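Shown below: data.txt, with compact mmCIF, C-alpha atoms.
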```
# COMPACT_ATOMS: atom_id res chain seq x y z
CA SER T 16 17.88 -2.48 -0.22
CA PRO T 17 15.55 -5.48 -0.62
CA LEU T 18 12.79 -5.27 -3.19
CA ALA T 19 9.09 -5.71 -2.57
CA VAL T 20 7.99 -9.31 -2.89
CA HIS T 21 5.46 -10.10 -5.59
CA GLU T 22 2.82 -12.48 -4.36
CA PRO T 23 0.83 -14.79 -6.64
CA ARG T 24 -2.88 -15.07 -6.19
CA LEU T 25 -3.36 -18.35 -4.35
CA LEU T 26 -7.06 -18.35 -3.62
CA ALA T 27 -9.77 -18.75 -6.24
CA PRO T 28 -12.86 -16.56 -6.35
CA PRO T 29 -15.85 -17.89 -4.41
CA LEU T 30 -18.20 -20.29 -6.13
CA PRO T 31 -21.92 -20.33 -5.43
CA GLY T 32 -23.01 -23.03 -3.04
CA ASP T 33 -25.75 -23.82 -0.57
CA LEU T 34 -24.32 -26.44 1.75
CA PRO T 35 -23.18 -25.21 5.16
CA VAL T 36 -19.40 -25.26 5.46
CA ARG T 37 -17.61 -25.56 8.77
CA SER T 38 -14.35 -23.94 9.67
CA THR T 39 -11.49 -26.18 10.71
CA ASN T 40 -11.09 -24.18 13.92
CA ARG T 41 -12.87 -21.65 16.11
CA LEU T 42 -11.47 -18.55 14.37
CA LEU T 43 -14.40 -18.13 12.00
CA ASP T 44 -17.02 -18.72 14.69
CA VAL T 45 -15.47 -16.04 16.90
CA ALA T 46 -15.06 -13.60 13.99
CA GLU T 47 -18.66 -14.14 12.90
CA THR T 48 -19.97 -13.65 16.44
CA SER T 49 -17.95 -10.45 16.84
CA TRP T 50 -19.11 -9.07 13.48
CA ARG T 51 -22.78 -9.97 13.81
CA THR T 52 -23.04 -8.70 17.39
CA ALA T 53 -21.75 -5.30 16.31
CA HIS T 54 -23.08 -4.85 12.80
CA GLU T 55 -25.65 -7.36 11.66
CA GLY T 56 -29.04 -6.21 10.50
CA GLY T 57 -31.80 -8.39 9.15
CA TYR T 58 -33.68 -7.57 5.97
CA VAL T 59 -33.14 -4.01 4.73
CA ASN T 60 -34.24 -2.30 1.53
CA ASP T 61 -32.91 1.24 1.84
CA GLN T 62 -32.95 3.07 -1.51
CA VAL T 63 -30.33 5.57 -0.29
CA ASP T 64 -27.90 2.82 0.71
CA ARG T 65 -25.73 1.86 -2.25
CA GLY T 66 -26.28 -1.79 -1.34
CA GLY T 67 -30.04 -1.50 -1.84
CA GLU T 68 -31.92 -4.66 -0.86
CA THR T 69 -29.81 -6.49 1.70
CA TYR T 70 -30.20 -9.52 3.93
CA ARG T 71 -27.75 -10.01 6.80
CA GLY T 72 -25.22 -7.90 4.95
CA ILE T 73 -25.62 -9.65 1.57
CA ALA T 74 -26.53 -6.98 -0.98
CA ARG T 75 -28.64 -8.10 -3.91
CA VAL T 76 -27.06 -5.60 -6.28
CA HIS T 77 -23.63 -7.14 -5.65
CA HIS T 78 -24.71 -10.78 -5.31
CA PRO T 79 -27.81 -11.21 -7.49
CA ASP T 80 -27.17 -14.93 -8.06
CA TRP T 81 -27.11 -15.89 -4.39
CA SER T 82 -29.65 -18.70 -3.98
CA GLY T 83 -30.99 -17.24 -0.74
CA TRP T 84 -32.86 -14.57 -2.71
CA GLY T 85 -35.26 -17.24 -3.96
CA ARG T 86 -36.31 -18.11 -0.41
CA ILE T 87 -36.58 -14.43 0.52
CA ASP T 88 -38.74 -13.69 -2.53
CA ALA T 89 -41.02 -16.61 -1.65
CA ALA T 90 -41.33 -15.45 1.96
CA ARG T 91 -42.14 -11.90 0.88
CA ARG T 92 -45.77 -12.94 0.28
CA LYS T 93 -46.16 -14.52 3.71
CA LYS T 94 -47.46 -12.98 6.90
CA GLY T 95 -44.75 -11.70 9.20
CA PHE T 96 -42.19 -10.87 6.52
CA PRO T 97 -39.34 -10.06 7.00
CA LYS T 98 -39.20 -11.22 10.63
CA ILE T 99 -39.99 -14.81 9.61
CA LEU T 100 -36.72 -15.03 7.67
CA GLY T 101 -34.80 -15.53 10.91
CA SER T 102 -36.52 -18.88 11.53
CA ASP T 103 -35.80 -20.23 8.04
CA ARG T 104 -33.02 -22.72 8.82
CA SER T 105 -32.24 -23.38 5.17
CA LEU T 106 -31.82 -19.66 4.52
CA GLN T 107 -29.54 -19.25 7.54
CA ALA T 108 -27.38 -22.15 6.30
CA LYS T 109 -27.09 -20.40 2.93
CA VAL T 110 -26.02 -17.19 4.69
CA LYS T 111 -23.26 -18.94 6.64
CA SER T 112 -22.01 -20.80 3.58
CA PHE T 113 -21.99 -17.60 1.56
CA TYR T 114 -19.88 -15.69 4.08
CA LYS T 115 -17.31 -18.43 4.49
CA LYS T 116 -16.81 -18.91 0.76
CA ALA T 117 -17.09 -15.29 -0.32
CA TYR T 118 -14.94 -13.71 2.39
CA TRP T 119 -13.31 -15.92 5.01
CA ASP T 120 -11.77 -18.51 2.69
CA ARG T 121 -10.47 -15.88 0.28
CA PHE T 122 -8.00 -14.53 2.85
CA GLY T 123 -7.20 -17.93 4.36
CA GLY T 124 -9.01 -17.20 7.60
CA ASP T 125 -8.49 -20.66 9.05
CA ASP T 126 -4.72 -20.16 8.88
CA MET T 127 -4.65 -16.70 10.43
CA PRO T 128 -2.45 -16.83 13.57
CA ASP T 129 -4.21 -14.01 15.43
CA GLN T 130 -7.90 -13.69 16.24
CA ALA T 131 -7.96 -9.87 16.29
CA VAL T 132 -6.38 -9.69 12.82
CA ALA T 133 -8.82 -12.32 11.55
CA ASN T 134 -11.75 -10.34 12.99
CA GLU T 135 -10.57 -7.11 11.37
CA LEU T 136 -9.95 -8.70 7.98
CA TYR T 137 -13.35 -10.38 8.08
CA ASP T 138 -15.25 -7.24 9.06
CA THR T 139 -13.52 -5.08 6.43
CA ALA T 140 -13.85 -7.74 3.74
CA VAL T 141 -17.59 -7.98 4.31
CA ASN T 142 -18.01 -4.20 4.35
CA MET T 143 -15.53 -3.13 1.66
CA GLY T 144 -14.51 -6.22 -0.27
CA VAL T 145 -11.80 -8.82 0.22
CA ARG T 146 -9.14 -7.19 -1.93
CA ARG T 147 -9.44 -3.83 -0.21
CA ALA T 148 -9.28 -5.52 3.20
CA VAL T 149 -6.14 -7.41 2.18
CA ARG T 150 -4.58 -4.22 0.77
CA PHE T 151 -5.17 -2.53 4.13
CA LEU T 152 -3.43 -5.47 5.81
CA GLN T 153 -0.51 -5.50 3.39
CA SER T 154 0.15 -1.77 3.55
CA SER T 155 -0.06 -1.88 7.36
CA ILE T 156 2.40 -4.78 7.49
CA ASN T 157 4.81 -2.82 5.29
CA LEU T 158 4.61 0.22 7.55
CA LEU T 159 5.53 -1.90 10.56
CA ASN T 160 8.58 -3.73 9.17
CA ARG T 161 11.10 -1.14 10.39
CA ASN T 162 12.24 -0.17 6.89
CA GLN T 163 12.40 -3.84 5.88
CA ARG T 164 14.78 -4.83 8.66
CA ASP T 165 12.23 -7.29 10.06
CA TYR T 166 10.86 -8.63 6.75
CA TYR T 167 10.51 -7.56 3.13
CA ASP T 168 7.78 -5.25 1.86
CA LEU T 169 4.82 -6.90 0.22
CA VAL T 170 3.32 -5.74 -3.06
CA ILE T 171 -0.02 -4.17 -2.10
CA ALA T 172 -2.11 -6.07 -4.62
CA GLY T 173 -4.97 -7.37 -2.47
CA TRP T 174 -4.21 -11.07 -2.97
CA PHE T 175 -3.53 -12.96 0.25
CA GLY T 176 -1.07 -15.82 -0.04
CA ALA T 177 1.88 -17.49 1.62
CA LYS T 178 4.07 -14.37 1.68
CA SER T 179 1.40 -12.24 3.35
CA LEU T 180 0.86 -14.98 5.94
CA ALA T 181 4.61 -15.26 6.55
CA SER T 182 4.82 -11.49 7.07
CA VAL T 183 1.95 -11.54 9.57
CA ASN T 184 3.75 -14.31 11.47
CA ALA T 185 7.02 -12.37 11.37
CA LEU T 186 5.37 -9.24 12.72
CA LEU T 187 3.65 -11.13 15.52
CA GLU T 188 6.92 -12.82 16.45
CA LYS T 189 8.61 -9.42 16.74
CA ASP T 190 5.81 -7.49 18.44
CA ARG T 191 4.22 -10.35 20.42
CA ARG T 192 0.84 -8.67 19.82
CA SER T 193 -1.29 -7.40 16.94
CA ASP T 194 -2.49 -4.05 18.35
CA ALA T 195 -0.45 -1.84 16.01
CA LEU T 196 -1.39 -3.86 12.93
CA VAL T 197 -5.11 -3.81 13.71
CA LYS T 198 -4.98 -0.08 14.52
CA LEU T 199 -3.35 0.77 11.17
CA MET T 200 -5.94 -1.33 9.35
CA ASN T 201 -8.72 0.52 11.19
CA ILE T 202 -7.21 3.90 10.32
CA GLN T 203 -7.28 3.02 6.63
CA GLN T 204 -10.84 1.75 6.93
CA GLY T 205 -11.90 5.04 8.53
CA ALA T 206 -10.11 7.06 5.86
CA ARG T 207 -12.02 5.15 3.18
CA TYR T 208 -15.35 6.01 4.84
CA ILE T 209 -14.37 9.69 4.88
CA GLU T 210 -13.47 9.49 1.19
CA ILE T 211 -16.85 7.94 0.35
CA MET T 212 -18.77 10.64 2.24
CA ALA T 213 -16.66 13.43 0.77
CA HIS T 214 -17.60 12.31 -2.73
CA ASP T 215 -21.26 11.55 -1.97
CA SER T 216 -22.91 13.53 0.82
CA SER T 217 -25.96 11.24 0.80
CA GLN T 218 -23.78 8.62 2.49
CA GLU T 219 -23.30 10.82 5.56
CA ARG T 220 -26.37 9.23 7.08
CA PHE T 221 -24.25 6.12 7.68
CA ALA T 222 -21.36 8.02 9.32
CA ARG T 223 -22.02 6.98 12.91
CA GLY T 224 -22.44 3.33 12.06
CA TRP T 225 -19.28 3.36 9.95
CA ILE T 226 -17.29 5.06 12.72
CA LYS T 227 -18.17 2.19 15.03
CA ARG T 228 -16.58 -0.25 12.57
CA ALA T 229 -13.32 1.70 12.52
```
Kindly present the structure from the file in C-alpha cells form.
Amino acid sequence: SPLAVHEPRLLAPPLPGDLPVRSTNRLLDVAETSWRTAHEGGYVNDQVDRGGETYRGIARVHHPDWSGWGRIDAARRKKGFPKILGSDRSLQAKVKSFYKKAYWDRFGGDDMPDQAVANELYDTAVNMGVRRAVRFLQSSINLLNRNQRDYYDLVIAGWFGAKSLASVNALLEKDRRSDALVKLMNIQQGARYIEIMAHDSSQERFARGWIKRA
C-alpha cells in the first residue's frame, strides 16, 4: 500500500510588521468578516482567560512584541479607553497586518480553493494556532481518501505545503463540495475544547462560546 507523504515546511514563521497587507483575492476578506462577525471582541483583560490581556483576539502573553501594544498602552491613559481604540486607524492597520502574516499566510490562504475550508482553517488557526489547525485539516483529509484510493495519506505534521494543497484539490474534485472536510475539522476542534476543559475546570466558563466555533 502507498506510504504517507512527507511534506517539507514551505512557509516561514511570521515576521513582525506594521504595514497593512492586502490579499491577492477576496478569500481573506470573506474569512475575516466571517470570523469577526462571530467571534471578535474588543479589548479584554480577563485574568481567568489563559490569553490574559487581549485586543481583537491578539493575546499579549503570546505576542508581547506586537507593535500595537504601544498604541494601546498610550491610549490607556486617555478618556474613553478602551472604546477609543476602535477609531485608531493605525492600530486597526496593525491588527489586519498581524492576522494576515501570523495566520493566513502561514497556511497559504490565498491559494485555498474553497472558501469554507479557508474560513475554518483561519478561525481554528487564530483560536488554537496554525499548526494545530493544519493538523486538523491533514488528519481530516486522510480520513476522507477512501483508504488512499483517491490520494495518498499526508504526514500530520502541521506544516501546510504543496502536497496538502494538492490533497485538498483532489478531495474537492472527488466530492465536489467541502462539507465533510469542514465537519471533520470542526469535530476535532470541539474535541480539543473538551480536552482543555477536562484538564482545567476554570475554562468551563468559555464552553458556550467555544461550542459556537465548532
For Lys227 (chain T), which residue out of T:Gly205, T:Pro128, T:Gly144, T:Pro79 is the nearest one, using only C-alpha atoms?
->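 Smallest distance to Lys227 (chain T) is found for T:Gly205.
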Got a sec: who's within 10 Å of region 223-225 of chain T, counting all atoms listed in the file, leaving out chain neighbours fewer than 2 positions off, as JSON, numbers by chain?
-> {"T": [53, 54, 142, 204, 205, 208, 209, 219, 220, 221, 227, 228, 229]}
For Leu136 (chain T), the nearest of the candidates T:Ser105, T:Asn201, T:Ser182, T:Asn162, counting only C-alpha atoms =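 The answer is T:Asn201, which sits nearest to Leu136 (chain T).
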Nearest candidate to Ser193 (chain T) (options T:Ala222, T:Leu152, T:Ile73, T:Ala206; using only C-alpha atoms) | T:Leu152
Pick from T:Ile171, T:Ile211, T:Leu106, T:Val76: nearest to Asp88 (chain T), with all atoms listed in the file counted?
->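 Ranking T:Ile171, T:Ile211, T:Leu106, T:Val76 by distance to Asp88 (chain T), first place goes to T:Leu106.
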Selected residue, from T:Trp84, T:Phe175, T:Phe122, T:Tyr137, that lies nearest to Val110 (chain T) when counting only C-alpha atoms = T:Trp84
Atom pair CA of Tyr70 (chain T) + CA of Asp120 (chain T), distance 20.5 Å
Please provide the set of residues having any atom within 8 Å of Ser155 (chain T), restricted to all atoms listed in the file, with same-chain residues fewer than 3 positions apart removed, written as a PyMOL selection string.
-> chain T and resi 151-152+158-159+196+199-200
Pull C-alpha atoms from the residues just selected and write them as a PDB file, in the coordinates of the input.
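Once written, part25.pdb looks like this:
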```pdb
ATOM      1  CA  PHE T 151      -5.170  -2.530   4.130  1.00  0.00           C
ATOM      2  CA  LEU T 152      -3.430  -5.470   5.810  1.00  0.00           C
ATOM      3  CA  LEU T 158       4.610   0.220   7.550  1.00  0.00           C
ATOM      4  CA  LEU T 159       5.530  -1.900  10.560  1.00  0.00           C
ATOM      5  CA  LEU T 196      -1.390  -3.860  12.930  1.00  0.00           C
ATOM      6  CA  LEU T 199      -3.350   0.770  11.170  1.00  0.00           C
ATOM      7  CA  MET T 200      -5.940  -1.330   9.350  1.00  0.00           C
TER       8      MET T 200
END
```
Edge lengths and centre in Å, axis-aligned, region 209-219 of chain T plus 8 Å each side, as AutoDock Vina command-line options:
```
--center_x -19.7 --center_y 10.7 --center_z 1.4 --size_x 28.5 --size_y 21.6 --size_z 24.3
```
Which is closest to Gln130 (chain T) among T:Lys116, T:Arg207, T:Arg192, T:His214, if we use only C-alpha atoms?
->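 Ranking T:Lys116, T:Arg207, T:Arg192, T:His214 by distance to Gln130 (chain T), first place goes to T:Arg192.
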Would you kindly return, as a list of chain:residue names, each protein, DNA or RNA residue with an atom no farther than 8 Å from any atom of Ala185 (chain T), considering only C-alpha atoms and excluding same-chain residues fewer than 3 positions away?
->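 So, after excluding close chain neighbours, the residues are T:Asp165, T:Tyr166, T:Ala181, T:Ser182, T:Glu188, T:Lys189.
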Just give me the gap between CA of Ser102 (chain T) and CA of Tyr58 (chain T) in Å, one decimal is fine.
->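 Distance reported for this atom pair: 12.9 Å.
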For Ile99 (chain T), please output as a PDB file with C-alpha atoms, in the frame of the given file all residues within 10 Å (counting all atoms listed in the file; exclusion window: fewer than 5 positions along the same chain).
```pdb
ATOM      1  CA  ILE T  87     -36.580 -14.430   0.520  1.00  0.00           C
ATOM      2  CA  ALA T  90     -41.330 -15.450   1.960  1.00  0.00           C
ATOM      3  CA  ARG T  91     -42.140 -11.900   0.880  1.00  0.00           C
ATOM      4  CA  LYS T  93     -46.160 -14.520   3.710  1.00  0.00           C
ATOM      5  CA  LYS T  94     -47.460 -12.980   6.900  1.00  0.00           C
TER       6      LYS T  94
END
```
CA of Asp129 (chain T) and CA of Val149 (chain T), how far apart in Å?
->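 Distance between the two atoms: 14.9 Å.
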Grab region 101-131 of chain T from that structure and dump N, CA, C and O atoms to a file, as a tab-separated table (two decimals), in the first residue's frame.
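Writing the result to selection09.tsv gives the following:
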```tsv
chain	number	residue	atom	x	y	z
T	101	GLY	N	-11.08	51.56	18.82
T	101	GLY	CA	-11.71	51.23	17.55
T	101	GLY	C	-11.57	52.31	16.50
T	101	GLY	O	-11.66	52.02	15.30
T	102	SER	N	-11.34	53.55	16.91
T	102	SER	CA	-11.20	54.65	15.95
T	102	SER	C	-9.74	54.97	15.63
T	102	SER	O	-9.46	55.91	14.89
T	103	ASP	N	-8.82	54.20	16.19
T	103	ASP	CA	-7.39	54.38	15.91
T	103	ASP	C	-7.05	53.64	14.62
T	103	ASP	O	-6.87	52.43	14.61
T	104	ARG	N	-6.97	54.37	13.51
T	104	ARG	CA	-6.78	53.74	12.20
T	104	ARG	C	-5.43	53.04	12.09
T	104	ARG	O	-5.31	51.98	11.47
T	105	SER	N	-4.42	53.62	12.70
T	105	SER	CA	-3.10	52.99	12.67
T	105	SER	C	-3.13	51.65	13.42
T	105	SER	O	-2.56	50.65	12.96
T	106	LEU	N	-3.80	51.61	14.55
T	106	LEU	CA	-3.91	50.38	15.32
T	106	LEU	C	-4.67	49.31	14.53
T	106	LEU	O	-4.27	48.14	14.52
T	107	GLN	N	-5.75	49.72	13.87
T	107	GLN	CA	-6.53	48.74	13.10
T	107	GLN	C	-5.73	48.19	11.92
T	107	GLN	O	-5.86	47.02	11.55
T	108	ALA	N	-4.87	49.03	11.33
T	108	ALA	CA	-4.00	48.55	10.25
T	108	ALA	C	-3.00	47.53	10.78
T	108	ALA	O	-2.68	46.53	10.12
T	109	LYS	N	-2.50	47.77	11.99
T	109	LYS	CA	-1.57	46.82	12.61
T	109	LYS	C	-2.27	45.49	12.89
T	109	LYS	O	-1.67	44.41	12.74
T	110	VAL	N	-3.53	45.55	13.31
T	110	VAL	CA	-4.29	44.33	13.58
T	110	VAL	C	-4.43	43.50	12.30
T	110	VAL	O	-4.16	42.30	12.28
T	111	LYS	N	-4.83	44.16	11.20
T	111	LYS	CA	-5.04	43.43	9.96
T	111	LYS	C	-3.74	42.83	9.44
T	111	LYS	O	-3.70	41.67	8.99
T	112	SER	N	-2.67	43.59	9.52
T	112	SER	CA	-1.37	43.09	9.08
T	112	SER	C	-0.93	41.90	9.92
T	112	SER	O	-0.42	40.90	9.40
T	113	PHE	N	-1.15	42.00	11.21
T	113	PHE	CA	-0.77	40.91	12.11
T	113	PHE	C	-1.47	39.61	11.73
T	113	PHE	O	-0.84	38.55	11.62
T	114	TYR	N	-2.79	39.67	11.54
T	114	TYR	CA	-3.54	38.46	11.26
T	114	TYR	C	-3.14	37.83	9.93
T	114	TYR	O	-3.06	36.60	9.82
T	115	LYS	N	-2.90	38.65	8.94
T	115	LYS	CA	-2.52	38.08	7.64
T	115	LYS	C	-1.17	37.37	7.73
T	115	LYS	O	-1.00	36.25	7.26
T	116	LYS	N	-0.22	38.02	8.37
T	116	LYS	CA	1.13	37.44	8.44
T	116	LYS	C	1.20	36.27	9.41
T	116	LYS	O	1.89	35.28	9.15
T	117	ALA	N	0.53	36.40	10.54
T	117	ALA	CA	0.67	35.39	11.59
T	117	ALA	C	-0.16	34.14	11.34
T	117	ALA	O	0.18	33.06	11.82
T	118	TYR	N	-1.25	34.26	10.58
T	118	TYR	CA	-2.15	33.13	10.40
T	118	TYR	C	-2.43	32.81	8.93
T	118	TYR	O	-2.12	31.72	8.46
T	119	TRP	N	-3.02	33.75	8.22
T	119	TRP	CA	-3.48	33.49	6.85
T	119	TRP	C	-2.34	33.04	5.93
T	119	TRP	O	-2.45	32.03	5.24
T	120	ASP	N	-1.25	33.78	5.91
T	120	ASP	CA	-0.15	33.46	5.00
T	120	ASP	C	0.52	32.14	5.35
T	120	ASP	O	1.09	31.49	4.47
T	121	ARG	N	0.47	31.75	6.61
T	121	ARG	CA	1.18	30.54	7.03
T	121	ARG	C	0.50	29.25	6.59
T	121	ARG	O	1.11	28.19	6.62
T	122	PHE	N	-0.77	29.32	6.16
T	122	PHE	CA	-1.37	28.14	5.54
T	122	PHE	C	-1.74	28.43	4.08
T	122	PHE	O	-2.54	27.72	3.48
T	123	GLY	N	-1.11	29.43	3.49
T	123	GLY	CA	-1.33	29.71	2.07
T	123	GLY	C	-2.76	30.03	1.75
T	123	GLY	O	-3.33	29.54	0.76
T	124	GLY	N	-3.37	30.89	2.57
T	124	GLY	CA	-4.79	31.18	2.42
T	124	GLY	C	-5.19	31.67	1.05
T	124	GLY	O	-6.28	31.33	0.55
T	125	ASP	N	-4.35	32.46	0.40
T	125	ASP	CA	-4.70	33.00	-0.91
T	125	ASP	C	-4.84	31.91	-1.96
T	125	ASP	O	-5.49	32.11	-2.99
T	126	ASP	N	-4.21	30.76	-1.74
T	126	ASP	CA	-4.27	29.67	-2.71
T	126	ASP	C	-5.33	28.63	-2.40
T	126	ASP	O	-5.50	27.67	-3.16
T	127	MET	N	-6.03	28.79	-1.29
T	127	MET	CA	-7.03	27.80	-0.89
T	127	MET	C	-8.17	27.79	-1.90
T	127	MET	O	-8.74	28.85	-2.21
T	128	PRO	N	-8.55	26.62	-2.43
T	128	PRO	CA	-9.56	26.57	-3.49
T	128	PRO	C	-11.00	26.64	-3.00
T	128	PRO	O	-11.92	26.71	-3.82
T	129	ASP	N	-11.22	26.62	-1.69
T	129	ASP	CA	-12.58	26.58	-1.17
T	129	ASP	C	-12.72	27.56	-0.01
T	129	ASP	O	-11.94	27.53	0.94
T	130	GLN	N	-13.74	28.42	-0.08
T	130	GLN	CA	-13.90	29.45	0.93
T	130	GLN	C	-14.23	28.87	2.30
T	130	GLN	O	-13.71	29.33	3.33
T	131	ALA	N	-15.08	27.83	2.37
T	131	ALA	CA	-15.44	27.26	3.66
T	131	ALA	C	-14.24	26.64	4.36
T	131	ALA	O	-14.09	26.76	5.58
```
